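Student: My questions all concern the structure below.
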Amino acid sequence: MNVLKELKEKGHILSMPRIAILRYLLEHKTHHTAESIHKALEQEYPNLSLATVYNTLKLLSREGFIRQLHISENRTLYDSNTKPHSHFLCRICGKIEDIWENEKTNFPKEINGNLIEDVHTYYFGICRECRKKYEKGQSH
Ligand SMILES: [Zn+2]
Ligand SMILES: [Zn+2]
């Protein structure tokens with residue numbers, strides 16, 4: 001794994017749980033919370049603490065291997081798919097979906113003298129499933 005090599009070169013100590021978390025993230029390229037990762041790995045790693053998951057996620061996001069999403073106020077989400085894409089949040093069911101249109105791959109590298117490193121686009125609304133339910137309810 002390239003990520004492992006890179007992290008080692010940066011001087012990070014990679015314990016077994018950290019490697020397990022990293023492997024899980026690379027195999028599941030979607031949105032995660034510390035809790036969901038902890039749940040997925042606790043069977044195999046009974047000693048894995050939630051704090052270790054939190055710290056590892058913070059480290060990986062600081063090093064740019066995953067992206068922290070600021071879409072939801074009550075959940076800290078991490079995206080292990082680092083290809084540039086936008087996100088949609090349904091305000092009814094809370095579902096988060098990847099949006100691949102309007103990929104911001106060519107954003108300006110500098111605006112008003114500020115160095116731009118990243119851009120996140122978040123869309124908020126009602127997902128198609130919730131719309132269906134709502135529209136059905138309306139017709140009765
Ligand atoms: Zn919904
Ligand atoms: Zn995503």
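Each chain in the structure tokens gets a letter, A, B and so on, in the order shown; residues start at 1 in every chain, and ligands are counted from 1 in the order they appear.
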Go through chain A and collect every residue that DSSP, computed from the backbone, puts in strand (DSSP E or B); the answer should be as a list in words.
Tutor: His31, His32, Arg67, Gln68, Leu69, Leu77, Tyr78, Asp79, Ser86, His87, Phe88, Leu89, Cys90, Ile96, Glu97, Asp98, Ile99, Glu110, Ile111, Asn114, Leu115, Tyr122, Tyr123, Phe124 and Gly125 of chain A
Student: Would you mind listing the residues within 7 Å of ligand 1, counting only C-alpha atoms and all ligand atoms, as a VMD selection string?
Tutor: chain A and resid 90 to 95 126 to 130
Student: Quick one: pull the distance between atom CA of A:Leu14 and atom CA of A:Leu57, Å, one decimal.
Tutor: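 For atom CA of A:Leu14 relative to atom CA of A:Leu57, the distance reads 12.9 Å.
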Student: Compare A:Phe88, A:Phe124, A:Tyr54, A:Phe107 by their minimum atom-to-atom distance to A:Thr76, counting only C-alpha atoms, and give me the closest one.
Tutor: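 Between A:Phe88, A:Phe124, A:Tyr54, A:Phe107, the residue approaching A:Thr76 most closely is A:Tyr54.
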Student: Kindly provide the residues of chain A that approach ligand 2 to within 12 Å, each paired with its closest atom pair and their distance in Å to one decimal, based on only C-alpha atoms and all ligand atoms, listed by chain and increasing number, as JSON lines.
Tutor:
{"residue": "A:His28", "atom": "CA", "partner": "ligand 2", "partner_atom_place_in_ligand_line": "1 (Zn)", "distance": 11.3}
{"residue": "A:Lys29", "atom": "CA", "partner": "ligand 2", "partner_atom_place_in_ligand_line": "1 (Zn)", "distance": 8.2}
{"residue": "A:Thr30", "atom": "CA", "partner": "ligand 2", "partner_atom_place_in_ligand_line": "1 (Zn)", "distance": 5.9}
{"residue": "A:His31", "atom": "CA", "partner": "ligand 2", "partner_atom_place_in_ligand_line": "1 (Zn)", "distance": 6.0}
{"residue": "A:His32", "atom": "CA", "partner": "ligand 2", "partner_atom_place_in_ligand_line": "1 (Zn)", "distance": 9.6}
{"residue": "A:Ile66", "atom": "CA", "partner": "ligand 2", "partner_atom_place_in_ligand_line": "1 (Zn)", "distance": 10.1}
{"residue": "A:Arg67", "atom": "CA", "partner": "ligand 2", "partner_atom_place_in_ligand_line": "1 (Zn)", "distance": 8.6}
{"residue": "A:Gln68", "atom": "CA", "partner": "ligand 2", "partner_atom_place_in_ligand_line": "1 (Zn)", "distance": 9.8}
{"residue": "A:Leu69", "atom": "CA", "partner": "ligand 2", "partner_atom_place_in_ligand_line": "1 (Zn)", "distance": 8.3}
{"residue": "A:His70", "atom": "CA", "partner": "ligand 2", "partner_atom_place_in_ligand_line": "1 (Zn)", "distance": 11.4}
{"residue": "A:Ile71", "atom": "CA", "partner": "ligand 2", "partner_atom_place_in_ligand_line": "1 (Zn)", "distance": 10.6}
{"residue": "A:Leu77", "atom": "CA", "partner": "ligand 2", "partner_atom_place_in_ligand_line": "1 (Zn)", "distance": 9.6}
{"residue": "A:Tyr78", "atom": "CA", "partner": "ligand 2", "partner_atom_place_in_ligand_line": "1 (Zn)", "distance": 8.4}
{"residue": "A:Asp79", "atom": "CA", "partner": "ligand 2", "partner_atom_place_in_ligand_line": "1 (Zn)", "distance": 5.4}
{"residue": "A:Ser80", "atom": "CA", "partner": "ligand 2", "partner_atom_place_in_ligand_line": "1 (Zn)", "distance": 7.6}
{"residue": "A:Asn81", "atom": "CA", "partner": "ligand 2", "partner_atom_place_in_ligand_line": "1 (Zn)", "distance": 6.1}
{"residue": "A:Thr82", "atom": "CA", "partner": "ligand 2", "partner_atom_place_in_ligand_line": "1 (Zn)", "distance": 7.8}
{"residue": "A:Lys83", "atom": "CA", "partner": "ligand 2", "partner_atom_place_in_ligand_line": "1 (Zn)", "distance": 8.4}
{"residue": "A:Pro84", "atom": "CA", "partner": "ligand 2", "partner_atom_place_in_ligand_line": "1 (Zn)", "distance": 8.5}
{"residue": "A:His85", "atom": "CA", "partner": "ligand 2", "partner_atom_place_in_ligand_line": "1 (Zn)", "distance": 6.4}
{"residue": "A:Ser86", "atom": "CA", "partner": "ligand 2", "partner_atom_place_in_ligand_line": "1 (Zn)", "distance": 6.8}
{"residue": "A:His87", "atom": "CA", "partner": "ligand 2", "partner_atom_place_in_ligand_line": "1 (Zn)", "distance": 6.0}
{"residue": "A:Phe88", "atom": "CA", "partner": "ligand 2", "partner_atom_place_in_ligand_line": "1 (Zn)", "distance": 8.9}
{"residue": "A:Leu89", "atom": "CA", "partner": "ligand 2", "partner_atom_place_in_ligand_line": "1 (Zn)", "distance": 10.8}
{"residue": "A:Lys95", "atom": "CA", "partner": "ligand 2", "partner_atom_place_in_ligand_line": "1 (Zn)", "distance": 11.6}
{"residue": "A:Ile96", "atom": "CA", "partner": "ligand 2", "partner_atom_place_in_ligand_line": "1 (Zn)", "distance": 8.0}
{"residue": "A:Glu97", "atom": "CA", "partner": "ligand 2", "partner_atom_place_in_ligand_line": "1 (Zn)", "distance": 6.8}
{"residue": "A:Asp98", "atom": "CA", "partner": "ligand 2", "partner_atom_place_in_ligand_line": "1 (Zn)", "distance": 4.7}
{"residue": "A:Ile99", "atom": "CA", "partner": "ligand 2", "partner_atom_place_in_ligand_line": "1 (Zn)", "distance": 7.6}
{"residue": "A:Trp100", "atom": "CA", "partner": "ligand 2", "partner_atom_place_in_ligand_line": "1 (Zn)", "distance": 9.1}
{"residue": "A:Glu103", "atom": "CA", "partner": "ligand 2", "partner_atom_place_in_ligand_line": "1 (Zn)", "distance": 11.6}
{"residue": "A:His120", "atom": "CA", "partner": "ligand 2", "partner_atom_place_in_ligand_line": "1 (Zn)", "distance": 10.3}
{"residue": "A:Thr121", "atom": "CA", "partner": "ligand 2", "partner_atom_place_in_ligand_line": "1 (Zn)", "distance": 10.6}
{"residue": "A:Tyr122", "atom": "CA", "partner": "ligand 2", "partner_atom_place_in_ligand_line": "1 (Zn)", "distance": 10.3}
Student: Restricting it to C-alpha atoms, dump the selection as a compact mmCIF listing (two decimals), in the first residue's frame.
Tutor:
# COMPACT_ATOMS: atom_id res chain seq x y z
CA HIS A 28 -14.76 0.91 1.39
CA LYS A 29 -14.49 4.14 -0.57
CA THR A 30 -17.47 5.91 0.87
CA HIS A 31 -18.48 8.09 3.84
CA HIS A 32 -17.63 6.96 7.35
CA ILE A 66 -9.21 10.98 3.32
CA ARG A 67 -11.41 14.09 3.29
CA GLN A 68 -13.35 15.39 6.21
CA LEU A 69 -16.86 16.45 5.18
CA HIS A 70 -18.51 19.46 6.79
CA ILE A 71 -21.98 18.70 5.52
CA LEU A 77 -17.90 12.32 8.30
CA TYR A 78 -14.84 11.17 6.48
CA ASP A 79 -14.78 10.32 2.79
CA SER A 80 -12.20 7.76 1.73
CA ASN A 81 -12.94 8.53 -1.91
CA THR A 82 -10.61 11.45 -2.50
CA LYS A 83 -11.49 12.01 -6.16
CA PRO A 84 -13.03 15.49 -6.42
CA HIS A 85 -16.78 15.27 -6.07
CA SER A 86 -19.68 17.12 -4.48
CA HIS A 87 -22.18 15.92 -1.89
CA PHE A 88 -25.90 16.02 -1.42
CA LEU A 89 -27.58 15.83 1.99
CA LYS A 95 -28.77 10.39 3.54
CA ILE A 96 -25.60 11.64 1.90
CA GLU A 97 -25.00 10.97 -1.77
CA ASP A 98 -22.03 11.61 -4.02
CA ILE A 99 -22.63 14.05 -6.86
CA TRP A 100 -20.27 13.61 -9.76
CA GLU A 103 -16.53 18.15 -10.44
CA HIS A 120 -16.12 21.42 -1.23
CA THR A 121 -19.58 21.77 -2.70
CA TYR A 122 -22.58 20.71 -0.63
Student: Using Å and a single decimal, report how far atom CA of A:Ile111 sits from atom CA of A:Leu59.
Tutor: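 Between atom CA of A:Leu59 and atom CA of A:Ile111 the gap is 27.8 Å.
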Student: Can you work out which one of A:Ser49, A:Asn106, A:Leu60, A:Ser36 has the shortest atom-to-atom distance to A:Lys10, counting only C-alpha atoms?
Tutor: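 Closest to A:Lys10, using only C-alpha atoms: A:Leu60.
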